[in-house]
>>> print(open('start30.cif').read())   # mmCIF, C-alpha atoms (C1' of nucleotides) and all ligand atoms
data_work
#
loop_
_atom_site.label_atom_id
_atom_site.label_comp_id
_atom_site.auth_asym_id
_atom_site.auth_seq_id
_atom_site.Cartn_x
_atom_site.Cartn_y
_atom_site.Cartn_z
CA MET A 113 0.00 0.00 0.00
CA SER A 114 1.56 3.30 -1.02
CA ASN A 115 1.74 6.16 1.38
CA PRO A 116 0.00 9.45 0.36
CA ILE A 117 3.37 11.15 0.69
CA ASP A 118 4.87 8.74 -1.83
CA ILE A 119 2.08 9.57 -4.29
CA GLU A 120 2.74 13.28 -3.83
CA LEU A 121 6.47 12.81 -4.24
CA GLU A 122 5.84 10.87 -7.42
CA LYS A 123 3.95 13.86 -8.81
CA LEU A 124 6.67 16.22 -7.69
CA ALA A 125 9.27 14.03 -9.38
CA GLN A 126 7.30 14.36 -12.62
CA LEU A 127 7.14 18.11 -12.11
CA GLN A 128 10.91 18.19 -11.66
CA GLU A 129 11.34 16.32 -14.93
CA GLU A 130 9.09 18.85 -16.68
CA LEU A 131 10.85 21.85 -15.17
CA ALA A 132 14.23 20.31 -15.98
CA LYS A 133 13.36 20.65 -19.68
CA LYS A 134 13.29 24.43 -19.23
CA VAL A 135 16.79 24.51 -17.79
CA ILE A 136 19.54 25.79 -20.07
CA LEU A 137 22.90 24.03 -19.61
CA PRO A 138 25.52 25.35 -22.04
CA ALA A 139 28.62 23.38 -22.96
CA PRO A 140 31.91 25.22 -22.32
CA GLU A 141 32.28 26.18 -26.00
CA GLN A 142 28.84 27.78 -25.99
CA GLU A 143 29.19 29.51 -22.65
CA MET A 144 26.31 31.85 -21.83
CA TYR A 145 27.88 33.57 -18.88
CA LEU A 146 31.19 35.32 -19.44
CA PRO A 147 32.24 37.06 -16.21
CA GLN A 148 33.06 40.75 -16.38
CA GLN A 149 35.07 42.63 -13.78
CA ASN A 150 32.10 44.72 -12.62
CA ASP A 151 29.63 41.85 -12.54
CA ILE A 152 27.60 41.36 -9.40
CA LEU A 153 27.37 38.01 -7.61
CA LEU A 154 24.43 37.30 -5.32
CA THR A 155 24.77 34.43 -2.84
CA LEU A 156 21.72 33.10 -1.01
CA ASP A 157 21.11 31.08 2.15
CA ILE A 158 18.20 30.39 4.52
CA GLN A 159 17.64 29.67 8.20
CA TYR A 160 14.31 28.35 9.38
CA VAL A 161 12.36 29.24 12.49
CA GLU A 162 9.30 27.00 12.44
CA GLU A 163 7.50 27.96 9.22
CA LYS A 164 9.36 31.20 8.62
CA ALA A 165 12.31 31.39 6.24
CA PHE A 166 14.98 33.96 7.13
CA VAL A 167 16.60 34.50 3.74
CA ALA A 168 19.98 36.19 3.43
CA GLY A 169 21.41 37.62 0.23
CA ASP A 170 25.04 38.62 -0.08
CA TRP A 171 25.93 41.02 -2.86
CA GLN A 172 29.54 41.36 -4.01
CA TYR A 173 31.49 42.14 -7.16
CA LEU A 174 33.20 39.22 -8.83
CA ASN A 175 36.50 40.96 -8.10
CA GLY A 176 35.78 40.25 -4.43
CA GLN A 177 34.57 43.64 -3.26
CA HIS A 178 31.68 43.21 -0.86
CA ILE A 179 28.58 45.34 -1.43
CA THR A 180 26.00 44.39 1.22
CA THR A 181 24.37 41.47 3.01
CA GLN A 182 20.67 41.69 3.73
CA VAL A 183 18.01 39.55 5.37
CA ASP A 184 14.27 39.30 4.82
CA ILE A 185 11.61 36.96 6.16
CA CYS A 186 9.85 34.90 3.51
CA LYS A 187 7.27 32.14 3.36
CA VAL A 188 8.54 28.55 3.45
CA GLY A 189 7.62 26.20 0.60
CA LEU A 190 6.87 22.53 1.27
CA ALA A 191 8.32 20.27 3.96
CA TYR A 192 11.79 18.91 3.31
CA PHE A 193 12.34 15.60 1.54
CA PRO A 194 15.76 14.65 0.18
CA ALA A 195 15.92 15.33 -3.59
CA TYR A 196 12.79 17.49 -3.37
CA PHE A 197 14.53 20.34 -1.63
CA CYS A 198 13.76 22.77 -4.48
CA PHE A 199 10.10 22.89 -3.48
CA ARG A 200 10.97 23.90 0.05
CA GLU A 201 13.72 26.42 -0.47
CA GLY A 202 13.09 27.59 -4.06
CA PRO A 203 9.95 29.69 -3.42
CA PRO A 204 11.39 31.75 -0.52
CA LEU A 205 14.58 32.36 -2.52
CA LEU A 206 12.57 33.69 -5.46
CA GLU A 207 10.42 35.80 -3.14
CA PHE A 208 13.55 37.30 -1.64
CA LEU A 209 15.08 38.01 -5.04
CA GLN A 210 11.98 39.70 -6.41
CA LYS A 211 11.50 41.85 -3.30
CA ALA A 212 15.17 42.82 -3.29
CA ILE A 213 15.13 43.95 -6.90
CA GLN A 214 11.88 45.81 -6.34
CA ALA A 215 13.51 47.49 -3.34
CA GLY A 216 16.24 48.81 -5.63
CA LEU A 217 19.03 46.33 -5.03
CA PRO A 218 21.05 45.42 -8.10
CA THR A 219 19.92 42.53 -10.25
CA PRO A 220 22.81 40.06 -10.04
CA ASN A 221 24.69 38.80 -13.10
CA VAL A 222 25.08 35.41 -11.43
CA ILE A 223 23.69 33.69 -8.33
CA ILE A 224 25.15 31.08 -5.97
CA VAL A 225 22.57 28.89 -4.20
CA ASP A 226 23.22 26.75 -1.11
CA GLY A 227 22.33 23.38 -2.67
CA HIS A 228 22.68 21.59 -6.00
CA GLY A 229 22.20 22.55 -9.62
CA GLN A 230 22.18 19.62 -12.04
CA ALA A 231 24.06 17.31 -9.65
CA HIS A 232 20.73 15.72 -8.75
CA PRO A 233 19.02 12.38 -9.58
CA ARG A 234 16.69 14.19 -12.00
CA LYS A 235 19.17 16.97 -12.76
CA PHE A 236 16.94 19.48 -11.00
CA GLY A 237 18.21 20.87 -7.72
CA VAL A 238 17.18 24.03 -5.91
CA ALA A 239 19.60 26.15 -7.94
CA SER A 240 17.97 24.81 -11.11
CA TRP A 241 14.56 25.75 -9.73
CA LEU A 242 15.70 29.31 -9.06
CA GLY A 243 17.32 29.45 -12.50
CA VAL A 244 14.09 28.47 -14.26
CA TYR A 245 11.96 30.91 -12.29
CA SER A 246 14.38 33.86 -12.36
CA ASP A 247 16.01 33.14 -15.74
CA LEU A 248 19.34 34.31 -14.29
CA PRO A 249 22.62 32.34 -14.37
CA CYS A 250 22.66 30.10 -11.28
CA VAL A 251 25.30 27.89 -9.65
CA GLY A 252 24.71 25.26 -6.98
CA CYS A 253 27.19 24.88 -4.11
CA ALA A 254 26.37 22.18 -1.52
CA LYS A 255 28.06 20.72 1.56
CA ASP A 256 27.14 17.13 0.67
CA THR A 257 26.28 15.21 -2.45
CA LEU A 258 23.08 13.41 -3.41
CA VAL A 259 24.85 11.52 -6.18
CA TRP A 260 27.59 8.98 -5.59
CA TYR A 261 31.16 9.86 -6.60
CA GLN A 262 34.58 8.21 -6.26
CA LYS A 263 35.83 9.59 -2.95
CA GLU A 264 39.10 7.69 -3.29
CA LEU A 265 39.99 9.72 -6.39
CA LEU A 266 39.89 13.02 -4.49
CA SER A 267 43.36 13.99 -3.31
CA ASN A 268 43.94 16.01 -0.18
CA GLU A 269 45.30 19.14 -1.79
CA LYS A 270 43.26 22.29 -2.13
CA ASN A 271 41.56 22.63 -5.55
CA SER A 272 41.50 18.88 -6.19
CA ILE A 273 38.34 17.83 -7.99
CA VAL A 274 36.51 14.62 -8.86
CA PRO A 275 33.74 14.58 -11.47
CA ILE A 276 30.22 13.55 -10.48
CA LYS A 277 28.10 11.51 -12.89
CA LEU A 278 24.71 9.85 -12.67
CA PRO A 279 24.88 6.02 -12.55
CA ASN A 280 25.62 4.46 -15.95
CA GLU A 281 26.11 7.86 -17.58
CA THR A 282 29.21 9.54 -18.94
CA GLU A 283 28.15 13.18 -18.70
CA ILE A 284 29.79 15.17 -15.91
CA ILE A 285 27.06 16.94 -13.91
CA GLY A 286 29.13 18.39 -11.09
CA TYR A 287 32.38 18.26 -9.11
CA ALA A 288 33.47 17.37 -5.64
CA LEU A 289 35.90 20.20 -4.86
CA ARG A 290 38.50 20.14 -2.08
CA SER A 291 38.15 23.80 -1.17
CA GLN A 292 40.94 23.61 1.47
CA THR A 293 43.76 21.13 1.98
CA ASN A 294 42.80 18.16 4.20
CA VAL A 295 39.23 19.42 4.61
CA LYS A 296 35.99 17.77 3.50
CA PRO A 297 35.04 18.73 -0.06
CA ILE A 298 32.15 20.86 -1.24
CA PHE A 299 29.99 20.05 -4.27
CA VAL A 300 29.63 22.37 -7.23
CA SER A 301 27.26 22.11 -10.17
CA ASN A 302 25.87 24.45 -12.78
CA ALA A 303 22.13 25.08 -12.73
CA HIS A 304 21.05 27.46 -15.50
CA LYS A 305 22.59 29.61 -18.24
CA ILE A 306 26.16 28.86 -17.18
CA SER A 307 28.58 26.02 -17.95
CA LEU A 308 29.93 23.63 -15.34
CA ALA A 309 33.49 24.84 -15.99
CA GLN A 310 32.53 28.47 -15.44
CA SER A 311 30.58 27.52 -12.30
CA LEU A 312 33.66 25.84 -10.86
CA THR A 313 35.83 28.86 -11.68
CA ILE A 314 33.44 31.23 -9.94
CA ILE A 315 33.29 29.12 -6.80
CA GLN A 316 37.07 28.76 -6.70
CA ASN A 317 37.37 32.53 -7.06
CA VAL A 318 35.31 33.23 -3.95
CA ILE A 319 36.44 30.41 -1.65
CA GLY A 320 38.49 32.56 0.71
CA GLN A 321 40.07 31.04 3.78
CA TYR A 322 37.59 28.38 4.78
CA ARG A 323 35.80 25.33 3.42
CA ILE A 324 32.60 27.23 2.60
CA PRO A 325 32.96 30.05 0.07
CA LEU A 326 33.18 33.48 1.73
CA PRO A 327 29.92 34.93 0.34
CA LEU A 328 28.03 31.82 1.42
CA ARG A 329 29.54 32.16 4.90
CA ARG A 330 28.44 35.79 5.06
CA ALA A 331 24.92 34.85 3.98
CA ASP A 332 24.87 31.99 6.49
CA PHE A 333 25.99 34.20 9.37
CA ALA A 334 23.55 36.93 8.40
CA CYS A 335 20.40 34.80 8.32
CA ARG A 336 21.54 32.87 11.40
CA ARG A 337 21.91 36.10 13.34
CA ALA A 338 18.62 37.46 12.06
CA SER A 339 16.74 34.27 12.88
CA GLN A 340 18.08 34.31 16.42
CA THR A 341 17.15 37.92 17.06
CA GLY A 342 13.90 37.56 15.11
CA LYS A 343 14.41 40.84 13.32
CA SER A 344 14.03 42.04 9.75
CA ASP A 345 10.35 41.84 8.97
CA LYS A 346 9.78 44.37 6.26
CA GLU A 347 12.78 46.60 6.65
CA TRP A 348 15.98 45.84 4.87
CA LYS A 349 18.78 45.43 7.33
CA PHE A 350 22.26 46.38 6.26
CA LEU A 351 24.82 44.06 7.73
CA PHE A 352 28.58 43.89 7.36
CA ASP A 353 28.71 47.60 6.42
"C1'" DG B 97 16.47 -6.07 1.74
"C1'" DC B 98 20.24 -2.46 2.72
"C1'" DG B 99 22.30 1.92 2.88
"C1'" DA B 100 22.14 6.66 1.68
"C1'" DC B 101 19.58 10.65 2.03
"C1'" DA B 102 21.19 18.78 -0.59
"C1'" DG B 103 18.82 22.04 3.52
"C1'" DA C 73 17.60 22.59 8.75
"C1'" DT C 74 17.02 22.27 14.26
"C1'" DC C 75 17.71 20.35 19.02
"C1'" DT C 76 22.26 21.31 22.30
"C1'" DT C 77 27.78 21.29 26.17
"C1'" DG C 78 31.81 20.70 26.46
"C1'" DT C 79 36.01 20.11 24.38
"C1'" DC C 80 39.99 19.87 21.35
"C1'" DG C 81 42.85 22.55 18.11
"C1'" DC C 82 44.58 26.37 15.03
MG MG D 401 21.62 26.61 3.88
#
>>> encode(input="start30.cif", output="structure tokens")
Amino acid sequence: MSNPIDIELEKLAQLQEELAKKVILPAPEQEMYLPQQNDILLTLDIQYVEEKAFVAGDWQYLNGQHITTQVDICKVGLAYFPAYFCFREGPPLLEFLQKAIQAGLPTPNVIIVDGHGQAHPRKFGVASWLGVYSDLPCVGCAKDTLVWYQKELLSNEKNSIVPIKLPNETEIIGYALRSQTNVKPIFVSNAHKISLAQSLTIIQNVIGQYRIPLPLRRADFACRRASQTGKSDKEWKFLFD
DNA sequence: GCGACAG
DNA sequence: ATCTTGTCGC
């Protein structure tokens, strides 16, 4: 007897397959995102307090110059199920992005999302979801992988990578990246309107001193702090100024 | 059946 | 993700 949740997840899996058709994944030779010095990178993360999503967005130039980190409270999507994360975290990310742009913040040239792009069983992670709904170049950067990879091929030196592929397939859909020497890897994949190679370059460019890329750390700290103090309802809070 | 399982 | 204390190490 199948559980109602399984029936719902089956439908959501079909929806992911449909939405995945709208994703644009350029090969390196047909790159759609060519970074410019003055381009703006937006990095997003969320902390949850019950059914409220404290979303943080970190704006910086690709050259590393920080612009601002802001937090807003958004509505949570569905409950969390592994591999269906996009339906939980995608909607509040889009809400944040739309409100931010409406509030006069710069539209980013590229976005980093805390989760996967195409490194997903149906090639449709939360970064893919945001890519489809925003139509902006999106990169996924996660702390763990959903898809098996050959751990033993990853050497201990910083910048070592191992390709990630779906079972029985040859296409590379992401990389395990050793962001610091002798530290657990992170997982990078392209999501929309950007190649995998360019996605990896962007992440490597913003790593900084720790395992988690600097802008993702700033976003993480910002929404963590906001969720603990319960602030930032409608007003934009300027942090790290 | 067993293990693995983004945030 | 959240619930939670101390403790070890750079
Ligand atoms: Mg997160």
>>> residues_near_point(input="start30.cif", point="(15.8, 21.5, 10.7)", cutoff="12 Å", atoms="all atoms listed in the file", output="PyMOL selection string")
(chain A and resi 158-165+191-193+200) or (chain B and resi 103) or (chain C and resi 73-75)
>>> residues_near_ligand(input="start30.cif", ligand="ligand MG 401 (chain D)", cutoff="10 Å", atoms="all atoms listed in the file", output="list in words")
Leu156, Asp157, Ile158, Gln159, Tyr160, Val167, Ala168, Glu201, Val225, Asp226, Gly227, Cys253, Ala254, Lys255, Leu328, Arg329, Ala331, Asp332, Cys335 and Arg336 of chain A; DA102 and DG103 of chain B; DA73 of chain C
>>> axis_aligned_box(input="start30.cif", around="chain B", padding_each_side="8 Å", output="lines of an AutoDock Vina configuration file")
center_x = 19.4
center_y = 8.0
center_z = 1.5
size_x = 21.8
size_y = 44.1
size_z = 20.1
>>> closest_residue(input="start30.cif", among="A:Cys198, A:Met144, A:Leu174, A:Val188", to="Ala125 in chain A", atoms="all atoms listed in the file")
A:Cys198
>>> interface_residues(input="start30.cif", of="chain A", to="chain B", cutoff="7 Å", atoms="only C-alpha atoms (C1' of nucleotides)", output="PyMOL selection string")
chain A and resi 194-195+197+227-228+254+256-258
>>> atom_distance(input="start30.cif", atom1="CA of Asp118 in chain A", atom2="CA of Val251 in chain A")
29.1 Å
>>> decode(input="start30.cif", residues="chain B", atoms="N, CA, C and O atoms (P, O5', C5', C4', C3', O3' and C1' of nucleotides)", output="PDB file, in the first residue's frame")
ATOM      1  P    DG B  97      11.701  -6.766   1.774  1.00  0.00           P
ATOM      2  O5'  DG B  97      13.166  -6.688   2.335  1.00  0.00           O
ATOM      3  C5'  DG B  97      13.765  -7.847   2.890  1.00  0.00           C
ATOM      4  C4'  DG B  97      15.229  -7.560   3.049  1.00  0.00           C
ATOM      5  C3'  DG B  97      15.508  -6.311   3.880  1.00  0.00           C
ATOM      6  O3'  DG B  97      16.602  -6.570   4.748  1.00  0.00           O
ATOM      7  C1'  DG B  97      16.469  -6.067   1.738  1.00  0.00           C
ATOM      8  P    DC B  98      17.212  -5.389   5.577  1.00  0.00           P
ATOM      9  O5'  DC B  98      18.261  -4.737   4.579  1.00  0.00           O
ATOM     10  C5'  DC B  98      19.478  -5.410   4.288  1.00  0.00           C
ATOM     11  C4'  DC B  98      20.555  -4.381   4.020  1.00  0.00           C
ATOM     12  C3'  DC B  98      20.489  -3.179   4.969  1.00  0.00           C
ATOM     13  O3'  DC B  98      21.782  -2.803   5.389  1.00  0.00           O
ATOM     14  C1'  DC B  98      20.244  -2.458   2.717  1.00  0.00           C
ATOM     15  P    DG B  99      21.878  -1.589   6.432  1.00  0.00           P
ATOM     16  O5'  DG B  99      22.522  -0.446   5.521  1.00  0.00           O
ATOM     17  C5'  DG B  99      23.604  -0.751   4.649  1.00  0.00           C
ATOM     18  C4'  DG B  99      23.904   0.468   3.795  1.00  0.00           C
ATOM     19  C3'  DG B  99      23.933   1.791   4.573  1.00  0.00           C
ATOM     20  O3'  DG B  99      24.984   2.588   4.059  1.00  0.00           O
ATOM     21  C1'  DG B  99      22.300   1.923   2.884  1.00  0.00           C
ATOM     22  P    DA B 100      25.297   3.962   4.818  1.00  0.00           P
ATOM     23  O5'  DA B 100      24.897   5.102   3.770  1.00  0.00           O
ATOM     24  C5'  DA B 100      25.095   4.912   2.381  1.00  0.00           C
ATOM     25  C4'  DA B 100      24.395   6.041   1.652  1.00  0.00           C
ATOM     26  C3'  DA B 100      24.261   7.337   2.471  1.00  0.00           C
ATOM     27  O3'  DA B 100      24.652   8.446   1.684  1.00  0.00           O
ATOM     28  C1'  DA B 100      22.143   6.665   1.678  1.00  0.00           C
ATOM     29  P    DC B 101      24.816   9.858   2.417  1.00  0.00           P
ATOM     30  O5'  DC B 101      23.388  10.544   2.198  1.00  0.00           O
ATOM     31  C5'  DC B 101      22.940  10.800   0.884  1.00  0.00           C
ATOM     32  C4'  DC B 101      21.512  11.263   0.954  1.00  0.00           C
ATOM     33  C3'  DC B 101      21.227  12.305   2.050  1.00  0.00           C
ATOM     34  O3'  DC B 101      20.615  13.440   1.482  1.00  0.00           O
ATOM     35  C1'  DC B 101      19.580  10.650   2.033  1.00  0.00           C
ATOM     36  P    DA B 102      20.698  14.844   2.311  1.00  0.00           P
ATOM     37  O5'  DA B 102      21.173  15.904   1.246  1.00  0.00           O
ATOM     38  C5'  DA B 102      22.552  16.039   0.936  1.00  0.00           C
ATOM     39  C4'  DA B 102      22.798  17.421   0.385  1.00  0.00           C
ATOM     40  C3'  DA B 102      22.432  18.543   1.350  1.00  0.00           C
ATOM     41  O3'  DA B 102      23.312  19.621   1.146  1.00  0.00           O
ATOM     42  C1'  DA B 102      21.190  18.775  -0.587  1.00  0.00           C
ATOM     43  P    DG B 103      23.736  20.506   2.361  1.00  0.00           P
ATOM     44  O5'  DG B 103      22.443  21.360   2.731  1.00  0.00           O
ATOM     45  C5'  DG B 103      21.990  22.383   1.861  1.00  0.00           C
ATOM     46  C4'  DG B 103      20.669  22.946   2.396  1.00  0.00           C
ATOM     47  C3'  DG B 103      20.733  23.422   3.841  1.00  0.00           C
ATOM     48  O3'  DG B 103      21.010  24.813   3.864  1.00  0.00           O
ATOM     49  C1'  DG B 103      18.824  22.042   3.520  1.00  0.00           C
TER      50       DG B 103
END
